[in-house]
$ cat model-v4.tsv   # TSV, C-alpha atoms
chain	number	residue	atom	x	y	z
V	17	MET	CA	-65.01	37.97	15.59
V	18	LYS	CA	-63.69	40.56	18.03
V	19	LEU	CA	-66.25	41.93	20.50
V	20	VAL	CA	-65.58	45.44	21.85
V	21	THR	CA	-67.70	47.21	24.48
V	22	VAL	CA	-67.89	51.00	24.17
V	23	SER	CA	-69.25	53.05	27.06
V	24	GLY	CA	-69.21	56.66	28.18
V	25	PRO	CA	-71.38	59.48	29.55
V	26	PRO	CA	-74.10	61.00	27.33
V	27	SER	CA	-72.88	63.21	24.47
V	28	SER	CA	-69.23	62.33	25.10
V	29	GLY	CA	-68.76	61.40	21.44
V	30	LYS	CA	-69.11	57.61	21.48
V	31	THR	CA	-70.98	57.41	18.19
V	32	SER	CA	-68.69	59.91	16.43
V	33	VAL	CA	-65.60	57.94	17.46
V	34	LEU	CA	-67.21	54.67	16.36
V	35	LEU	CA	-68.16	56.09	12.97
V	36	LYS	CA	-64.58	57.19	12.30
V	37	LEU	CA	-63.14	53.93	13.63
V	38	ILE	CA	-65.50	51.71	11.64
V	39	GLY	CA	-64.93	53.81	8.52
V	40	LEU	CA	-61.18	53.21	8.81
V	41	LEU	CA	-61.62	49.50	9.46
V	42	LYS	CA	-63.86	49.27	6.41
V	43	GLN	CA	-61.18	50.91	4.26
V	44	GLU	CA	-58.78	48.26	5.54
V	45	GLY	CA	-61.17	45.50	4.49
V	46	SER	CA	-62.72	44.58	7.86
V	47	ALA	CA	-66.45	44.10	8.39
V	48	SER	CA	-67.95	45.71	11.49
V	49	GLY	CA	-71.38	45.72	13.11
V	50	VAL	CA	-72.93	47.69	15.95
V	51	ILE	CA	-75.44	46.97	18.71
V	52	LYS	CA	-76.77	50.19	20.21
V	53	PHE	CA	-78.30	49.94	23.67
V	54	ASP	CA	-80.48	52.86	24.75
V	55	CYS	CA	-83.63	53.62	26.72
V	56	LEU	CA	-86.34	55.38	24.70
V	57	TYR	CA	-84.90	56.52	21.38
V	58	ALA	CA	-81.79	56.14	19.24
V	59	ASN	CA	-81.06	57.86	15.93
V	60	GLU	CA	-77.55	56.40	15.56
V	61	PRO	CA	-78.69	53.57	13.22
V	62	VAL	CA	-79.22	56.07	10.39
V	63	LEU	CA	-75.59	57.16	10.69
V	64	PHE	CA	-74.24	53.61	10.64
V	65	GLU	CA	-76.52	52.57	7.80
V	66	LYS	CA	-75.00	55.35	5.68
V	67	LEU	CA	-71.73	53.39	5.97
V	68	ASN	CA	-73.58	50.17	5.09
V	69	VAL	CA	-72.81	48.87	8.57
V	70	PRO	CA	-75.27	46.33	10.02
V	71	VAL	CA	-76.78	47.72	13.21
V	72	VAL	CA	-79.30	46.54	15.79
V	73	VAL	CA	-80.97	48.79	18.37
V	74	GLY	CA	-82.17	47.60	21.75
V	75	LEU	CA	-84.41	49.96	23.75
V	76	SER	CA	-84.70	49.07	27.43
V	77	GLY	CA	-87.75	51.21	28.15
V	78	ASN	CA	-88.18	51.41	31.91
V	79	LEU	CA	-85.40	48.91	32.61
V	80	CYS	CA	-81.79	49.84	33.43
V	81	PRO	CA	-80.04	49.84	30.02
V	82	ASP	CA	-76.95	48.12	31.40
V	83	HIS	CA	-78.96	45.32	33.02
V	84	PHE	CA	-80.73	45.13	29.67
V	85	PHE	CA	-77.31	44.83	28.01
V	86	VAL	CA	-76.25	41.90	30.18
V	87	SER	CA	-79.44	39.96	29.49
V	88	ASN	CA	-79.07	40.39	25.71
V	89	ILE	CA	-75.34	40.32	24.99
V	90	GLN	CA	-75.07	36.58	24.24
V	91	GLU	CA	-77.82	36.86	21.64
V	92	GLY	CA	-75.95	39.89	20.28
V	93	VAL	CA	-72.79	37.83	19.87
V	94	ASN	CA	-74.79	35.16	18.05
V	95	TRP	CA	-76.14	37.85	15.71
V	96	GLY	CA	-72.66	39.20	15.02
V	97	LEU	CA	-71.37	35.74	14.16
V	98	SER	CA	-74.33	35.19	11.81
V	99	GLN	CA	-73.34	38.41	10.00
V	100	ASN	CA	-69.76	37.15	9.53
V	101	LEU	CA	-68.36	40.24	11.22
V	102	ASP	CA	-64.73	40.85	12.03
V	103	TYR	CA	-65.66	43.38	14.74
V	104	LEU	CA	-68.81	43.76	16.80
V	105	PHE	CA	-69.10	46.99	18.79
V	106	THR	CA	-71.67	47.48	21.53
V	107	GLU	CA	-72.49	51.08	22.44
V	108	SER	CA	-74.08	51.64	25.84
V	109	ALA	CA	-76.69	54.25	26.70
V	110	GLY	CA	-74.25	56.03	29.00
V	111	LEU	CA	-76.86	57.12	31.51
V	112	CYS	CA	-75.28	55.93	34.75
V	113	ASN	CA	-71.66	56.65	35.71
V	114	ARG	CA	-71.82	53.79	38.21
V	115	CYS	CA	-72.75	51.09	35.69
V	116	SER	CA	-70.19	49.09	33.77
V	117	PRO	CA	-71.06	47.09	30.67
V	118	HIS	CA	-67.51	45.68	30.50
V	119	ILE	CA	-66.82	41.95	30.35
V	120	ARG	CA	-63.72	40.05	31.42
V	121	ARG	CA	-61.33	39.29	28.55
V	122	ILE	CA	-63.44	41.44	26.20
V	123	LEU	CA	-61.78	44.70	25.07
V	124	ALA	CA	-63.41	47.63	26.89
V	125	ILE	CA	-63.36	51.27	25.74
V	126	CYS	CA	-64.61	54.28	27.69
V	127	VAL	CA	-65.18	57.58	25.86
V	128	ILE	CA	-65.05	60.74	27.96
V	129	ASP	CA	-64.90	64.34	26.76
V	130	ASN	CA	-62.57	67.13	27.80
V	131	LEU	CA	-65.43	69.57	28.48
V	132	MET	CA	-66.84	67.65	31.43
V	133	GLY	CA	-64.55	69.29	34.00
V	134	ILE	CA	-61.24	68.14	35.44
V	135	GLU	CA	-62.88	66.47	38.45
V	136	THR	CA	-65.17	64.29	36.31
V	137	PRO	CA	-62.88	61.22	36.17
V	138	LYS	CA	-63.23	60.96	39.96
V	139	LYS	CA	-67.01	60.82	39.59
V	140	ILE	CA	-67.10	57.97	37.09
V	141	GLY	CA	-66.98	54.46	38.47
V	142	PRO	CA	-66.32	51.09	36.77
V	143	MET	CA	-67.28	52.45	33.36
V	144	LEU	CA	-63.97	54.36	33.39
V	145	ARG	CA	-61.96	52.55	36.05
V	146	MET	CA	-62.39	49.10	34.49
V	147	ALA	CA	-61.77	50.11	30.85
V	148	ASP	CA	-58.75	48.93	28.85
V	149	ILE	CA	-58.76	52.05	26.68
V	150	VAL	CA	-59.93	55.56	27.56
V	151	VAL	CA	-60.67	57.83	24.60
V	152	ILE	CA	-60.73	61.56	25.35
V	153	THR	CA	-62.71	63.67	22.89
V	154	LYS	CA	-63.27	67.42	22.30
V	155	SER	CA	-59.70	68.19	23.39
V	156	ASP	CA	-59.27	70.46	20.37
V	157	ILE	CA	-61.41	73.17	22.00
V	158	VAL	CA	-59.56	73.39	25.32
V	159	SER	CA	-56.09	74.61	26.18
V	160	GLN	CA	-53.01	72.40	26.30
V	161	ALA	CA	-52.91	72.80	30.08
V	162	GLU	CA	-56.52	71.63	30.39
V	163	ARG	CA	-55.78	68.61	28.19
V	164	GLU	CA	-52.81	67.61	30.32
V	165	VAL	CA	-54.61	68.05	33.63
V	166	PHE	CA	-57.65	66.13	32.40
V	167	SER	CA	-55.59	63.22	31.05
V	168	PHE	CA	-53.65	63.14	34.34
V	169	ARG	CA	-56.94	62.82	36.24
V	170	VAL	CA	-57.98	59.99	33.92
V	171	ARG	CA	-54.72	58.17	34.59
V	172	GLN	CA	-55.21	58.64	38.32
V	173	ALA	CA	-58.63	56.99	38.04
V	174	ASN	CA	-57.37	54.18	35.81
V	175	PRO	CA	-53.55	53.81	35.79
V	176	LYS	CA	-53.64	50.64	33.65
V	177	ALA	CA	-55.64	52.01	30.72
V	178	LYS	CA	-54.22	53.24	27.44
V	179	VAL	CA	-55.32	56.86	26.97
V	180	PHE	CA	-55.91	58.35	23.51
V	181	PHE	CA	-57.09	61.72	22.26
V	182	VAL	CA	-59.47	61.28	19.33
V	183	ASN	CA	-61.23	63.97	17.32
V	184	GLY	CA	-64.69	62.67	16.42
V	185	ILE	CA	-65.07	65.23	13.64
V	186	THR	CA	-61.76	64.94	11.80
V	187	GLY	CA	-60.87	61.41	12.90
V	188	GLN	CA	-57.47	62.45	14.19
V	189	GLY	CA	-56.16	59.77	16.55
V	190	VAL	CA	-58.45	57.02	15.29
V	191	PHE	CA	-55.62	55.17	13.51
V	192	GLN	CA	-53.85	54.57	16.83
V	193	LEU	CA	-57.13	53.39	18.32
V	194	ALA	CA	-57.64	50.96	15.44
V	195	ARG	CA	-54.22	49.46	16.02
V	196	MET	CA	-55.09	48.92	19.68
V	197	ILE	CA	-58.23	46.94	18.90
V	198	ASP	CA	-56.25	44.74	16.49
V	199	ASN	CA	-55.15	42.87	19.62
V	200	ALA	CA	-58.65	42.27	20.98
V	201	ASN	CA	-59.52	38.67	21.80
V	202	ASP	CA	-61.63	36.68	19.36
V	203	THR	CA	-65.10	36.00	20.75
V	204	VAL	CA	-67.34	33.06	19.97
V	205	THR	CA	-69.46	33.22	23.10
V	206	VAL	CA	-69.73	35.14	26.37
V	207	GLN	CA	-71.72	32.35	28.02
V	208	ASP	CA	-70.36	31.71	31.55
V	209	ASN	CA	-68.07	34.75	31.28
V	210	HIS	CA	-68.41	37.49	33.93
V	211	LEU	CA	-68.76	41.23	34.16
V	212	ARG	CA	-65.66	43.04	35.36
V	213	PHE	CA	-67.67	44.64	38.16
V	214	SER	CA	-71.11	44.07	39.60
V	215	MET	CA	-74.04	46.20	38.55
V	216	PRO	CA	-75.65	48.53	41.11
V	217	ALA	CA	-77.82	46.65	43.60
V	218	ALA	CA	-81.38	47.97	43.41
V	219	LEU	CA	-84.71	46.28	43.77
V	220	CYS	CA	-87.14	48.63	45.44
V	221	SER	CA	-90.76	49.66	45.10
V	222	TYR	CA	-89.82	52.38	42.59
V	223	CYS	CA	-88.07	49.78	40.42
V	224	LEU	CA	-91.39	47.97	40.27
V	225	GLY	CA	-93.44	50.98	39.19
V	226	GLU	CA	-94.32	52.81	42.40
V	227	THR	CA	-94.70	56.58	41.98
V	228	ALA	CA	-96.00	57.72	45.39
V	229	ILE	CA	-93.48	59.48	47.64
V	230	GLY	CA	-93.07	58.67	51.34
V	231	GLY	CA	-91.79	56.01	53.70
V	232	ASP	CA	-95.02	54.00	53.52
V	233	TYR	CA	-94.30	53.29	49.84
V	234	GLN	CA	-90.60	52.44	50.14
V	235	VAL	CA	-89.73	48.74	50.38
V	236	GLY	CA	-86.86	46.60	49.16
V	237	ASN	CA	-83.21	47.56	48.76
V	238	LEU	CA	-83.04	51.09	50.17
V	239	ARG	CA	-80.34	53.43	51.44
V	240	LYS	CA	-81.06	56.47	53.60
V	241	ILE	CA	-79.04	59.58	54.42
V	242	ASP	CA	-78.45	60.20	58.12
V	243	PHE	CA	-79.29	63.90	58.18
V	244	HIS	CA	-78.55	64.17	61.91
V	245	LYS	CA	-74.90	63.15	61.52
V	246	ASN	CA	-74.30	65.11	58.32
V	247	LYS	CA	-72.67	68.51	58.76
V	248	PRO	CA	-73.56	71.44	56.51
V	249	LEU	CA	-71.26	71.60	53.52
V	250	SER	CA	-70.09	75.10	54.48
V	251	ASN	CA	-68.75	73.77	57.80
V	252	THR	CA	-66.65	71.07	56.13
V	253	GLN	CA	-64.59	73.41	53.99
V	254	PRO	CA	-61.07	74.40	55.15

$ encode --input "model-v4.tsv" --output "structure tokens"
Amino acid sequence: MKLVTVSGPPSSGKTSVLLKLIGLLKQEGSASGVIKFDCLYANEPVLFEKLNVPVVVGLSGNLCPDHFFVSNIQEGVNWGLSQNLDYLFTESAGLCNRCSPHIRRILAICVIDNLMGIETPKKIGPMLRMADIVVITKSDIVSQAEREVFSFRVRQANPKAKVFFVNGITGQGVFQLARMIDNANDTVTVQDNHLRFSMPAALCSYCLGETAIGGDYQVGNLRKIDFHKNKPLSNTQP
């Protein structure tokens, strides 16, 4: 079974790309399954079930969905193996640009859309920078110049990644993506494997349920802005 992690910001088109990709793989005779990680709600299972694709949803509630992912991924692999899958795709919640649910030696895909602004690739951390494949969606509704500038910015952020344009509505570009995942490593276990990058460090009073605002209520791993050393933004512009 080939495990593939799929990440990306909210509404970037992760599910649409997966539906087209899995549909093609099914036509080619491969069995795929999906584990959807989210926080409070996920309607994607209905879409996958229409393709008769086995799907499991994990809702993290008040926990970070990517920390939730790490603590459940081995059980997810066991489930995929029990389903006799050829491909198991995990789809992250996509809530934090800093997080990175990518695992060493496991094929990693990041989905990012062309409408997010040309500076967006600079603002996305390991989720984009550590991916093997970057899929750019919604490029059909921007100009050729915007497509080229955006893809250039993506390559600046991650020079080693393969970059594809995929239309989540028509499926254009999904065949090339399918051929890329043909070379993914087979996965029997992720036990003792490692994330490609550490998760954000945070264990503070607010992580533990505190809601009151003020220094008296802030303990744990904190970071403060030095407002005395910071210059107004208007004074830093050329």

$ atom_distance --input "model-v4.tsv" --atom1 "atom CA of V:Arg145" --atom2 "atom CA of V:Asn174"
4.9 Å

$ closest_atom_pairs --input "model-v4.tsv" --of "stretch 56-174 of chain V" --to "stretch 195-219 of chain V" --cutoff "12 Å" --atoms "all atoms listed in the file" --output "CSV"
residue,atom,partner,partner_atom,distance
V:Leu79,CA,V:Leu219,CA,11.5
V:Cys80,CA,V:Pro216,CA,9.9
V:Pro81,CA,V:Met215,CA,11.0
V:Asp82,CA,V:Met215,CA,8.0
V:His83,CA,V:Met215,CA,7.5
V:Phe84,CA,V:Met215,CA,11.2
V:Phe85,CA,V:Met215,CA,11.1
V:Val86,CA,V:Leu211,CA,8.5
V:Ser87,CA,V:Gln207,CA,10.9
V:Asn88,CA,V:Val206,CA,10.7
V:Ile89,CA,V:Val206,CA,7.8
V:Gln90,CA,V:Val206,CA,5.9
V:Glu91,CA,V:Thr205,CA,9.2
V:Gly92,CA,V:Thr205,CA,9.7
V:Val93,CA,V:Thr205,CA,6.5
V:Asn94,CA,V:Thr205,CA,7.6
V:Trp95,CA,V:Val204,CA,10.9
V:Gly96,CA,V:Val204,CA,9.5
V:Leu97,CA,V:Val204,CA,7.6
V:Ser98,CA,V:Val204,CA,11.0
V:Asn100,CA,V:Val204,CA,11.5
V:Leu101,CA,V:Thr203,CA,10.9
V:Asp102,CA,V:Asp202,CA,9.0
V:Tyr103,CA,V:Asp202,CA,9.1
V:Leu104,CA,V:Thr203,CA,9.5
V:Phe105,CA,V:Ile197,CA,10.9
V:Cys112,CA,V:Pro216,CA,9.8
V:Asn113,CA,V:Pro216,CA,10.5
V:Arg114,CA,V:Pro216,CA,7.1
V:Cys115,CA,V:Met215,CA,5.8
V:Ser116,CA,V:Phe213,CA,6.7
V:Pro117,CA,V:Leu211,CA,7.2
V:His118,CA,V:Arg212,CA,5.8
V:Ile119,CA,V:Leu211,CA,4.3
V:Arg120,CA,V:Arg212,CA,5.3
V:Arg121,CA,V:Asn201,CA,7.0
V:Ile122,CA,V:Asn201,CA,6.5
V:Leu123,CA,V:Ala200,CA,5.7
V:Ala124,CA,V:Ala200,CA,9.3
V:Ile125,CA,V:Ile197,CA,9.6
V:Gly141,CA,V:Phe213,CA,9.8
V:Pro142,CA,V:Phe213,CA,6.7
V:Met143,CA,V:Phe213,CA,9.2
V:Leu144,CA,V:Phe213,CA,11.4
V:Arg145,CA,V:Phe213,CA,10.0
V:Met146,CA,V:Arg212,CA,6.9
V:Ala147,CA,V:Arg212,CA,9.2
V:Asp148,CA,V:Met196,CA,9.9
V:Ile149,CA,V:Met196,CA,8.5
V:Val150,CA,V:Met196,CA,11.4
V:Val151,CA,V:Met196,CA,11.6

$ residues_around --input "model-v4.tsv" --residues "V:Phe166" --least-positions-apart "2" --cutoff "9 Å" --atoms "all atoms listed in the file" --output "list in words"
Asn130, Gly133, Ile134, Glu135, Thr136, Pro137, Ile152, Ala161, Glu162, Arg163, Glu164, Phe168, Arg169, Val170 and Arg171 of chain V

$ write_last_selection --input "model-v4.tsv" --atoms "C-alpha atoms" --output "short mmCIF file (atom, residue, chain, number, x, y, z; two decimals), keeping the file's coordinate frame"
data_model
loop_
_atom_site.label_atom_id
_atom_site.label_comp_id
_atom_site.auth_asym_id
_atom_site.auth_seq_id
_atom_site.Cartn_x
_atom_site.Cartn_y
_atom_site.Cartn_z
CA ASN V 130 -62.57 67.13 27.80
CA GLY V 133 -64.55 69.29 34.00
CA ILE V 134 -61.24 68.14 35.44
CA GLU V 135 -62.88 66.47 38.45
CA THR V 136 -65.17 64.29 36.31
CA PRO V 137 -62.88 61.22 36.17
CA ILE V 152 -60.73 61.56 25.35
CA ALA V 161 -52.91 72.80 30.08
CA GLU V 162 -56.52 71.63 30.39
CA ARG V 163 -55.78 68.61 28.19
CA GLU V 164 -52.81 67.61 30.32
CA PHE V 168 -53.65 63.14 34.34
CA ARG V 169 -56.94 62.82 36.24
CA VAL V 170 -57.98 59.99 33.92
CA ARG V 171 -54.72 58.17 34.59
#

$ residues_around --input "model-v4.tsv" --residues "V:Gly187" --least-positions-apart "5" --cutoff "8 Å" --atoms "only C-alpha atoms" --output "PyMOL selection string"
chain V and resi 33+36-37+182

$ decode --input "model-v4.tsv" --residues "stretch 57-71 of chain V" --atoms "N, CA and C atoms" --output "PDB file, in the first residue's frame"
ATOM      1  N   TYR V  57     -16.036  19.624  11.812  1.00  0.00           N
ATOM      2  CA  TYR V  57     -17.023  19.112  10.859  1.00  0.00           C
ATOM      3  C   TYR V  57     -16.333  18.778   9.545  1.00  0.00           C
ATOM      4  N   ALA V  58     -16.811  17.758   8.869  1.00  0.00           N
ATOM      5  CA  ALA V  58     -16.281  17.396   7.558  1.00  0.00           C
ATOM      6  C   ALA V  58     -17.398  16.753   6.732  1.00  0.00           C
ATOM      7  N   ASN V  59     -17.688  17.331   5.568  1.00  0.00           N
ATOM      8  CA  ASN V  59     -18.717  16.758   4.699  1.00  0.00           C
ATOM      9  C   ASN V  59     -18.116  15.975   3.540  1.00  0.00           C
ATOM     10  N   GLU V  60     -16.773  15.919   3.475  1.00  0.00           N
ATOM     11  CA  GLU V  60     -16.109  15.226   2.371  1.00  0.00           C
ATOM     12  C   GLU V  60     -16.461  13.739   2.266  1.00  0.00           C
ATOM     13  N   PRO V  61     -16.727  13.031   3.387  1.00  0.00           N
ATOM     14  CA  PRO V  61     -17.043  11.605   3.266  1.00  0.00           C
ATOM     15  C   PRO V  61     -18.170  11.297   2.300  1.00  0.00           C
ATOM     16  N   VAL V  62     -19.179  12.161   2.241  1.00  0.00           N
ATOM     17  CA  VAL V  62     -20.303  11.930   1.322  1.00  0.00           C
ATOM     18  C   VAL V  62     -19.809  11.888  -0.112  1.00  0.00           C
ATOM     19  N   LEU V  63     -18.853  12.770  -0.449  1.00  0.00           N
ATOM     20  CA  LEU V  63     -18.335  12.833  -1.810  1.00  0.00           C
ATOM     21  C   LEU V  63     -17.527  11.581  -2.156  1.00  0.00           C
ATOM     22  N   PHE V  64     -16.721  11.117  -1.207  1.00  0.00           N
ATOM     23  CA  PHE V  64     -15.928   9.912  -1.459  1.00  0.00           C
ATOM     24  C   PHE V  64     -16.798   8.661  -1.496  1.00  0.00           C
ATOM     25  N   GLU V  65     -17.820   8.637  -0.652  1.00  0.00           N
ATOM     26  CA  GLU V  65     -18.707   7.473  -0.629  1.00  0.00           C
ATOM     27  C   GLU V  65     -19.465   7.317  -1.940  1.00  0.00           C
ATOM     28  N   LYS V  66     -19.710   8.437  -2.644  1.00  0.00           N
ATOM     29  CA  LYS V  66     -20.360   8.354  -3.951  1.00  0.00           C
ATOM     30  C   LYS V  66     -19.492   7.602  -4.959  1.00  0.00           C
ATOM     31  N   LEU V  67     -18.179   7.594  -4.719  1.00  0.00           N
ATOM     32  CA  LEU V  67     -17.256   6.834  -5.571  1.00  0.00           C
ATOM     33  C   LEU V  67     -16.993   5.436  -5.008  1.00  0.00           C
ATOM     34  N   ASN V  68     -17.729   5.079  -3.950  1.00  0.00           N
ATOM     35  CA  ASN V  68     -17.521   3.804  -3.261  1.00  0.00           C
ATOM     36  C   ASN V  68     -16.093   3.676  -2.741  1.00  0.00           C
ATOM     37  N   VAL V  69     -15.587   4.786  -2.221  1.00  0.00           N
ATOM     38  CA  VAL V  69     -14.239   4.827  -1.668  1.00  0.00           C
ATOM     39  C   VAL V  69     -14.339   4.767  -0.146  1.00  0.00           C
ATOM     40  N   PRO V  70     -13.681   3.807   0.493  1.00  0.00           N
ATOM     41  CA  PRO V  70     -13.712   3.758   1.964  1.00  0.00           C
ATOM     42  C   PRO V  70     -13.068   5.004   2.556  1.00  0.00           C
ATOM     43  N   VAL V  71     -13.717   5.600   3.542  1.00  0.00           N
ATOM     44  CA  VAL V  71     -13.235   6.850   4.121  1.00  0.00           C
ATOM     45  C   VAL V  71     -13.480   6.846   5.619  1.00  0.00           C
TER      46      VAL V  71
END
